[in-house]
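Participant: First the structure, which I've put down as structure tokens, then a few questions once you've had a look.
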Amino acid sequence: MALTYQQLLVAVPAIIQAGNVPNIVGEAGIGKSALVKDVAQHLKASLFTTVVSLVEKGDLAIPVPPLTSDSFVQTQHYGRLADVQYGYSETLVSIIKQAEKHPGQPIIWFLDEFNRGTQAVQSELMNLVLQRQVNALRLPDEVKIVIAENPDSSMEEFADSNYAVAAGDAAIRDRTVRLVMRSSVDDWLQWAGVQDHGHDRVHRLVRQYIQENPDALAPEEHGDDLYPTPRSWERVSRNLTELQKLNPRQQNALMADVFSGDLGTTVGVAFAQFVKEHGQQLSVDDLANGNHRDRFEQADEMGRLTALKQWIQQDDHQGWSIAEHAANFLAAAQQLSPDGQYSLAEAIGESKQPILEQLSQRLGDDPQAANLYHWLARVATQSDKGSD
């Protein structure tokens, strides 16, 4: 039994609201951290993350020796005792400050790679998970704990797993709700296409490749070295964005090696070839937002005209309204030859989209729309004169 990303977006908040601790189990790179980030946004919660595999025993709370005479307790029969206090980690201090500053606002403390920590660290964290307590400090009610683990061969669903994990304590298994996460191409594509700071989370070419090659998202059969995961595809997306800022010769020389460094040689080389075949195509999204102008300038006349006519066909789709992006449309259209400009104006006149009507409605208060409208009128007039 396993749940997809979208199903877990519903299940995890429900478990948290029930007062229980979700334990998300999944392969490395499948998207557990991204899931918890989205859950925190859904719950309007502050998110704090501790990677347990990097924690040493004593990192959360370190004993502090007595600092004043008040820190000693004089007993009648057992001598003088030091009342040892604790110095807490920066993460824990930040959590407490956040809870005091914003009472009632939920906080998620995400303990990632829980079963990759040492047995000593896991034991130290048991009170945190089971009793919501770190030594003498009790966690505020606002704090909700979520843990994530890599597969363990002792788990029913992962008998063949060979991750280097420390077997979890039975008490942890008994007091948390195990949620096995599985990859879903449809869910990942839905997540990847979401706008984040004005841009898609994942490059359109990566999404297109996965759509055409769904088995490449997270292959079930793979070696122990580099292989594709949802997380590695996200890294590839960021690398691709930067590579496309280079000239084509540099791109072609670097892509296969760069992509193979995340995906392994077989998939990395295949994706590099895919980008070479598809990457020079201009997208409507790029044109509408004024991106990759250099690529548009380097394209031949037919490539430029095809891209602009595609924009006409998809006008007012996904924020690509020509009236809304009149300046970018005009700047691109003016790079066409006179014949190409007329062909474009003719396509707008014959389009089923009410582009001219939308532009005319903006003449009085939108200078960019007015410029495009009058330019189209001049192109049509000059062509008519040329045909007389």
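To be explicit about the labels: the chains of the structure tokens are called A, B, and onward in the order shown, and within each one the residues are counted from 1, while ligands get numbers from 1 in the order they are shown.
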Would you pick out the contacts of A:Glu124 at 9 Å or less, using only C-alpha atoms, so that residues sharing its chain but fewer than 5 positions from it are not included, and give the list as a list in words?
Facilitator: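 What passes the distance filter is Lys57, Gly58, Leu60, Gln119 and Val134 of chain A.
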Participant: Could you tell me, as a VMD selection string, which residues of stretch 54-149 of chain A DSSP assigns to strand (DSSP E or B) when given the backbone?
Facilitator: chain A and resid 61 to 64 72 to 74 80 to 82 85 to 88 107 to 112 133 to 134 137 to 138 143 to 149
Participant: Write the selection just made, keeping N, CA, C and O atoms, as a CSV table (one decimal), in the first residue's frame?
Facilitator:
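Saved to result_36.csv:
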chain,number,residue,atom,x,y,z
A,61,ALA,N,20.5,19.5,22.8
A,61,ALA,CA,20.6,20.1,24.1
A,61,ALA,C,21.9,19.7,24.8
A,61,ALA,O,22.2,18.5,24.9
A,62,ILE,N,22.7,20.7,25.1
A,62,ILE,CA,24.0,20.4,25.7
A,62,ILE,C,24.0,20.8,27.2
A,62,ILE,O,23.6,22.0,27.5
A,63,PRO,N,24.4,20.0,28.1
A,63,PRO,CA,24.5,20.4,29.5
A,63,PRO,C,25.4,21.6,29.7
A,63,PRO,O,26.4,21.7,29.1
A,64,VAL,N,24.9,22.5,30.5
A,64,VAL,CA,25.6,23.8,30.8
A,64,VAL,C,25.9,23.8,32.3
A,64,VAL,O,25.0,23.6,33.1
A,72,PHE,N,23.2,26.0,42.6
A,72,PHE,CA,23.6,24.9,43.5
A,72,PHE,C,22.5,24.7,44.5
A,72,PHE,O,21.8,25.6,45.0
A,73,VAL,N,22.2,23.4,44.8
A,73,VAL,CA,21.2,23.1,45.8
A,73,VAL,C,21.9,22.4,47.0
A,73,VAL,O,22.6,21.4,46.8
A,74,GLN,N,21.7,23.0,48.2
A,74,GLN,CA,22.3,22.4,49.4
A,74,GLN,C,21.3,21.5,50.0
A,74,GLN,O,20.2,21.9,50.4
A,80,ARG,N,26.1,19.1,48.5
A,80,ARG,CA,25.8,20.2,47.6
A,80,ARG,C,25.7,19.7,46.2
A,80,ARG,O,26.6,19.1,45.7
A,81,LEU,N,24.5,19.9,45.6
A,81,LEU,CA,24.3,19.4,44.2
A,81,LEU,C,24.2,20.5,43.2
A,81,LEU,O,23.7,21.6,43.5
A,82,ALA,N,24.8,20.3,42.0
A,82,ALA,CA,24.7,21.3,40.9
A,82,ALA,C,23.4,21.0,40.2
A,82,ALA,O,23.1,19.9,39.7
A,85,GLN,N,21.8,23.0,34.0
A,85,GLN,CA,20.8,23.5,33.0
A,85,GLN,C,21.3,23.0,31.6
A,85,GLN,O,22.3,22.3,31.5
A,86,TYR,N,20.5,23.3,30.6
A,86,TYR,CA,20.8,22.9,29.2
A,86,TYR,C,20.9,24.1,28.2
A,86,TYR,O,20.1,25.0,28.3
A,87,GLY,N,21.8,24.0,27.3
A,87,GLY,CA,21.9,25.0,26.2
A,87,GLY,C,21.3,24.3,25.0
A,87,GLY,O,21.7,23.2,24.6
A,88,TYR,N,20.3,24.9,24.4
A,88,TYR,CA,19.5,24.3,23.3
A,88,TYR,C,20.0,24.7,21.9
A,88,TYR,O,20.6,25.8,21.8
A,107,ILE,N,3.4,25.3,13.7
A,107,ILE,CA,4.8,25.2,13.4
A,107,ILE,C,5.1,23.7,13.1
A,107,ILE,O,4.6,22.8,13.8
A,108,ILE,N,5.7,23.4,11.9
A,108,ILE,CA,6.0,22.0,11.6
A,108,ILE,C,7.5,21.9,11.8
A,108,ILE,O,8.4,22.6,11.3
A,109,TRP,N,7.9,20.9,12.7
A,109,TRP,CA,9.3,20.5,12.8
A,109,TRP,C,9.5,19.2,12.1
A,109,TRP,O,9.0,18.2,12.5
A,110,PHE,N,10.2,19.3,11.0
A,110,PHE,CA,10.4,18.2,10.1
A,110,PHE,C,11.8,17.5,10.4
A,110,PHE,O,12.8,18.1,10.3
A,111,LEU,N,11.7,16.2,10.9
A,111,LEU,CA,12.9,15.4,11.2
A,111,LEU,C,13.1,14.5,10.0
A,111,LEU,O,12.6,13.4,9.9
A,112,ASP,N,14.0,15.0,9.1
A,112,ASP,CA,14.2,14.3,7.9
A,112,ASP,C,15.3,13.2,8.1
A,112,ASP,O,16.2,13.3,8.9
A,133,GLN,N,9.2,16.3,24.3
A,133,GLN,CA,10.0,16.9,25.4
A,133,GLN,C,11.5,16.7,25.0
A,133,GLN,O,11.9,15.7,24.5
A,134,VAL,N,12.3,17.8,25.2
A,134,VAL,CA,13.7,17.7,25.1
A,134,VAL,C,14.3,18.0,26.4
A,134,VAL,O,14.3,19.2,26.9
A,137,LEU,N,12.7,20.8,28.6
A,137,LEU,CA,11.9,21.7,27.8
A,137,LEU,C,10.7,20.9,27.1
A,137,LEU,O,11.0,19.9,26.4
A,138,ARG,N,9.5,21.4,27.3
A,138,ARG,CA,8.4,20.8,26.7
A,138,ARG,C,8.0,21.7,25.4
A,138,ARG,O,8.1,22.9,25.5
A,143,VAL,N,3.7,23.4,18.0
A,143,VAL,CA,4.7,22.6,17.2
A,143,VAL,C,4.1,21.2,16.8
A,143,VAL,O,3.7,20.4,17.7
A,144,LYS,N,4.1,20.9,15.6
A,144,LYS,CA,3.7,19.6,15.0
A,144,LYS,C,4.9,18.9,14.4
A,144,LYS,O,5.6,19.5,13.6
A,145,ILE,N,5.1,17.7,14.8
A,145,ILE,CA,6.3,16.9,14.3
A,145,ILE,C,5.9,16.0,13.1
A,145,ILE,O,4.9,15.3,13.2
A,146,VAL,N,6.8,16.1,12.1
A,146,VAL,CA,6.6,15.2,11.0
A,146,VAL,C,8.0,14.5,10.8
A,146,VAL,O,9.0,15.2,10.8
A,147,ILE,N,8.1,13.2,10.6
A,147,ILE,CA,9.3,12.6,10.4
A,147,ILE,C,9.3,11.9,9.0
A,147,ILE,O,8.3,11.6,8.5
A,148,ALA,N,10.5,11.7,8.5
A,148,ALA,CA,10.6,11.0,7.2
A,148,ALA,C,11.7,10.0,7.3
A,148,ALA,O,12.8,10.2,7.9
A,149,GLU,N,11.6,8.9,6.7
A,149,GLU,CA,12.6,7.8,6.7
A,149,GLU,C,12.8,7.2,5.3
A,149,GLU,O,11.9,7.3,4.4
Participant: Please provide the set of residues having any atom within 9 Å of stretch 326-336 of chain A, restricted to only C-alpha atoms, with same-chain residues fewer than 5 positions apart removed, written as a ChimeraX atom specification.
Facilitator: /A:287-290,293,296-297,301,304-305,308,311,321,341,344,359,368-373,375
Participant: How far is it from atom CA of A:Glu324 to atom CA of A:Pro367, in Å with one decimal?
Facilitator: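 Interatomic distance here is 11.4 Å.
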Participant: Could you name the residues that touch stretch 90-101 of chain A at 8 Å or less, counting only C-alpha atoms, but leaving out those on the same chain fewer than 3 positions away, as a list in words?
Facilitator: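 In the requested form, the answer reads Phe48, Thr50, Leu60, Gly104, Gln105, Ile107, Leu139, Pro140, Glu142 and Val143 of chain A.
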Participant: For each of A:Ser260, A:Ser184, A:Ser71, A:Gln358, take the minimum atom-to-atom distance to A:Leu8, counting only C-alpha atoms, then give the residue where this is smallest.
Facilitator: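 Of A:Ser260, A:Ser184, A:Ser71, A:Gln358, the one nearest A:Leu8, counting only C-alpha atoms, is A:Ser184.
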